[in-house]
Amino acid sequence: MTKGRPRKFDKDVALETAMKLFWQHGYEGVSIAKLAEAMGINVPSLYSAFGNKEKLFMAAFDKYSLLGGHIYIDSLNKKTAREVAYSILKGEVDLVTNPDHPDGCMVILGALVTSSDSDHIKKRMDEMRQTPPKWMAERFAQAIKEGDLSPDVDPKSLACYIMTLNAGLAVQAKSGVGKKELMKVVDIAMKNWPFVAY
């Protein structure tokens with residue numbers, strides 16, 4: 001009796017499925033068996049294709065990074081600092097309320113449900129979260145030099161403020177708050193934008 005051929009599968013589609021499961025449940029919230037089942041393959045095939053659960057998560061995390069990363073890349077090129085901030089916040093709302101994706105943010109929510117047994121996973125997500133504030137702080141410092149932001153504005157604190165709002169938007173989306181309500185929050189934040197001196 002001969003063995004059947006291994007089931008063929010689309011690796012990109014399988015990775016998309018894994019990303020959504022990790023996004024929804026966190027690294028520790030989904031088992032390797034559940035991942036394999038959802039991806040339409042058996043556990044040995046998963047290991048063969050992706051290595052192990054941690055490597056699969058990292059690959060899924062990198063895929064997610066492309067979704068979130070474009071928000072910052074596009075936004076940082078806006079003409080004014082206010083437009084930069086608004087574009088980032090609106091982009092976050094669009095991402096965390098997209099009906100084609102799980103609610104919330106994989107980076108923020110994944111870190112919140114990671115135990116000490118998976119500190120290396122949490123560390124990777126922490127590192128990713130620290131990158132956008134650096135980009136924003138540099139852009140806001142440039143805005144101060146250009147006279148677009150008041151000179152008494154602290155670029156790092158302003159970047160932290162935007163990231164804090166982003167985290168809150170993600171948590172609220174995970175809690176079921178809809179896009180319309182979250183955009184009202186963004187509008188309130190923009191009404192409190194730092195005074196610009198000309």
# chains A, B, ... in the order shown; residues from 1 in each chain; ligands from 1
$ closest_atom_pairs --of "segment 6-69 of chain A" --to "segment 121-130 of chain A" --cutoff "12 Å" --atoms "only C-alpha atoms" --output "CSV"
residue,atom,partner,partner_atom,distance
A:Phe22,CA,A:Ile121,CA,11.9
A:Gly26,CA,A:Ile121,CA,10.4
A:Tyr27,CA,A:Ile121,CA,8.0
A:Glu28,CA,A:Ile121,CA,10.0
A:Lys53,CA,A:Ile121,CA,11.2
A:Glu54,CA,A:Ile121,CA,8.0
A:Lys55,CA,A:Ile121,CA,10.3
A:Leu56,CA,A:Ile121,CA,11.7
A:Phe57,CA,A:Ile121,CA,8.7
A:Met58,CA,A:Ile121,CA,8.3
A:Phe61,CA,A:Met125,CA,8.6
A:Asp62,CA,A:Met128,CA,10.1
A:Tyr64,CA,A:Met128,CA,11.2
A:Ser65,CA,A:Met128,CA,8.5
A:Leu66,CA,A:Met128,CA,11.7
A:Gly68,CA,A:Met128,CA,10.5
A:Gly69,CA,A:Met128,CA,9.9
$ closest_atom_pairs --of "segment 60-119 of chain A" --to "segment 161-183 of chain A" --cutoff "8 Å" --atoms "only C-alpha atoms" --output "Markdown table"
| residue | atom | partner | partner_atom | distance |
| --- | --- | --- | --- | --- |
| A:Ala85 | CA | A:Ile162 | CA | 6.9 |
| A:Leu89 | CA | A:Asn166 | CA | 6.3 |
| A:Lys90 | CA | A:Met183 | CA | 7.1 |
| A:Glu92 | CA | A:Asn166 | CA | 6.4 |
| A:Val93 | CA | A:Lys179 | CA | 6.4 |
| A:Asp94 | CA | A:Lys179 | CA | 7.3 |
| A:Val96 | CA | A:Ala170 | CA | 5.9 |
| A:Thr97 | CA | A:Lys179 | CA | 5.9 |
| A:Asp103 | CA | A:Lys174 | CA | 4.9 |
| A:Gly104 | CA | A:Ala170 | CA | 4.3 |
| A:Cys105 | CA | A:Ala170 | CA | 5.4 |
| A:Ile108 | CA | A:Ala167 | CA | 6.6 |
| A:Leu109 | CA | A:Val171 | CA | 7.4 |
$ residues_around --residues "Arg139 of chain A" --least-positions-apart "5" --cutoff "12 Å" --atoms "only C-alpha atoms" --output "list in words"
Tyr72, Ile73, Ser75, Leu76, Asn77, Lys78, Lys79, Thr80, Ala81, Arg82, Glu83, Val84, Ala85, Pro132, Pro133, Lys134, Ile144, Lys145, Glu146, Asp148, Leu149, Asp154, Pro155, Lys156, Leu158 and Ala159 of chain A
$ select_by_dssp --residues "segment 4-160 of chain A" --states "alpha helix (DSSP H)" --output "number ranges by chain"
A: 11-25, 32-39, 43-50, 53-75, 81-96, 106-112, 119-145, 155-160
$ closest_atom_pairs --of "segment 36-103 of chain A" --to "segment 8-21 of chain A" --cutoff "9 Å" --atoms "only C-alpha atoms" --output "tab-separated table"
residue	atom	partner	partner_atom	distance
A:Ala36	CA	A:Ala18	CA	8.6
A:Ala38	CA	A:Thr17	CA	6.9
A:Met39	CA	A:Ala14	CA	4.9
A:Gly40	CA	A:Ala14	CA	7.7
A:Ile41	CA	A:Phe9	CA	7.5
A:Ala49	CA	A:Lys11	CA	7.7
A:Leu56	CA	A:Ala18	CA	7.7
A:Phe57	CA	A:Met19	CA	7.3
A:Ala59	CA	A:Leu15	CA	7.5
A:Ala60	CA	A:Met19	CA	4.6
A:Phe61	CA	A:Met19	CA	6.9
A:Lys63	CA	A:Met19	CA	7.5
A:Tyr64	CA	A:Met19	CA	7.0
A:His101	CA	A:Lys20	CA	6.8
A:Pro102	CA	A:Lys20	CA	6.4
$ write_last_selection --atoms "N, CA and C atoms" --output "mmCIF file, in the first residue's frame"
data_model
loop_
_atom_site.group_PDB
_atom_site.id
_atom_site.type_symbol
_atom_site.label_atom_id
_atom_site.label_comp_id
_atom_site.auth_asym_id
_atom_site.auth_seq_id
_atom_site.Cartn_x
_atom_site.Cartn_y
_atom_site.Cartn_z
ATOM 1 N N ALA A 36 -2.953 24.432 12.354
ATOM 2 C CA ALA A 36 -2.872 23.487 11.239
ATOM 3 C C ALA A 36 -4.257 23.218 10.661
ATOM 4 N N ALA A 38 -6.953 25.141 10.756
ATOM 5 C CA ALA A 38 -7.462 26.318 10.053
ATOM 6 C C ALA A 38 -6.741 26.540 8.730
ATOM 7 N N MET A 39 -5.458 26.179 8.700
ATOM 8 C CA MET A 39 -4.658 26.357 7.489
ATOM 9 C C MET A 39 -4.908 25.247 6.471
ATOM 10 N N GLY A 40 -5.635 24.208 6.879
ATOM 11 C CA GLY A 40 -5.970 23.126 5.967
ATOM 12 C C GLY A 40 -4.843 22.143 5.723
ATOM 13 N N ILE A 41 -3.944 22.019 6.707
ATOM 14 C CA ILE A 41 -2.827 21.083 6.581
ATOM 15 C C ILE A 41 -2.682 20.316 7.893
ATOM 16 N N ALA A 49 6.724 23.358 6.474
ATOM 17 C CA ALA A 49 6.616 24.610 5.721
ATOM 18 C C ALA A 49 7.133 25.817 6.487
ATOM 19 N N LEU A 56 6.427 30.415 12.682
ATOM 20 C CA LEU A 56 5.179 30.738 11.990
ATOM 21 C C LEU A 56 4.648 32.077 12.482
ATOM 22 N N PHE A 57 4.697 32.286 13.788
ATOM 23 C CA PHE A 57 4.231 33.561 14.338
ATOM 24 C C PHE A 57 5.059 34.717 13.801
ATOM 25 N N ALA A 59 6.694 34.899 11.014
ATOM 26 C CA ALA A 59 6.346 35.120 9.605
ATOM 27 C C ALA A 59 5.011 35.844 9.498
ATOM 28 N N ALA A 60 4.050 35.442 10.340
ATOM 29 C CA ALA A 60 2.742 36.101 10.355
ATOM 30 C C ALA A 60 2.885 37.539 10.842
ATOM 31 N N PHE A 61 3.743 37.734 11.809
ATOM 32 C CA PHE A 61 3.985 39.066 12.367
ATOM 33 C C PHE A 61 4.587 39.985 11.310
ATOM 34 N N LYS A 63 4.167 39.687 8.128
ATOM 35 C CA LYS A 63 3.092 39.963 7.178
ATOM 36 C C LYS A 63 2.180 41.060 7.717
ATOM 37 N N TYR A 64 1.871 40.984 8.998
ATOM 38 C CA TYR A 64 1.048 42.016 9.629
ATOM 39 C C TYR A 64 1.753 43.377 9.581
ATOM 40 N N HIS A 101 -10.534 41.871 8.591
ATOM 41 C CA HIS A 101 -9.507 41.490 9.556
ATOM 42 C C HIS A 101 -10.129 41.361 10.947
ATOM 43 N N PRO A 102 -9.446 40.680 11.849
ATOM 44 C CA PRO A 102 -9.898 40.683 13.245
ATOM 45 C C PRO A 102 -9.851 42.111 13.803
#
$ closest_residue --among "A:Tyr47, A:His120, A:Val153, A:Ile88" --to "His70 of chain A" --atoms "only C-alpha atoms"
A:Ile88
$ closest_residue --among "A:Cys160, A:Tyr86, A:Asp100, A:Trp135" --to "Lys191 of chain A" --atoms "only C-alpha atoms"
A:Tyr86
$ atom_distance --atom1 "atom CA of Phe140 of chain A" --atom2 "atom CA of Asn98 of chain A"
28.3 Å
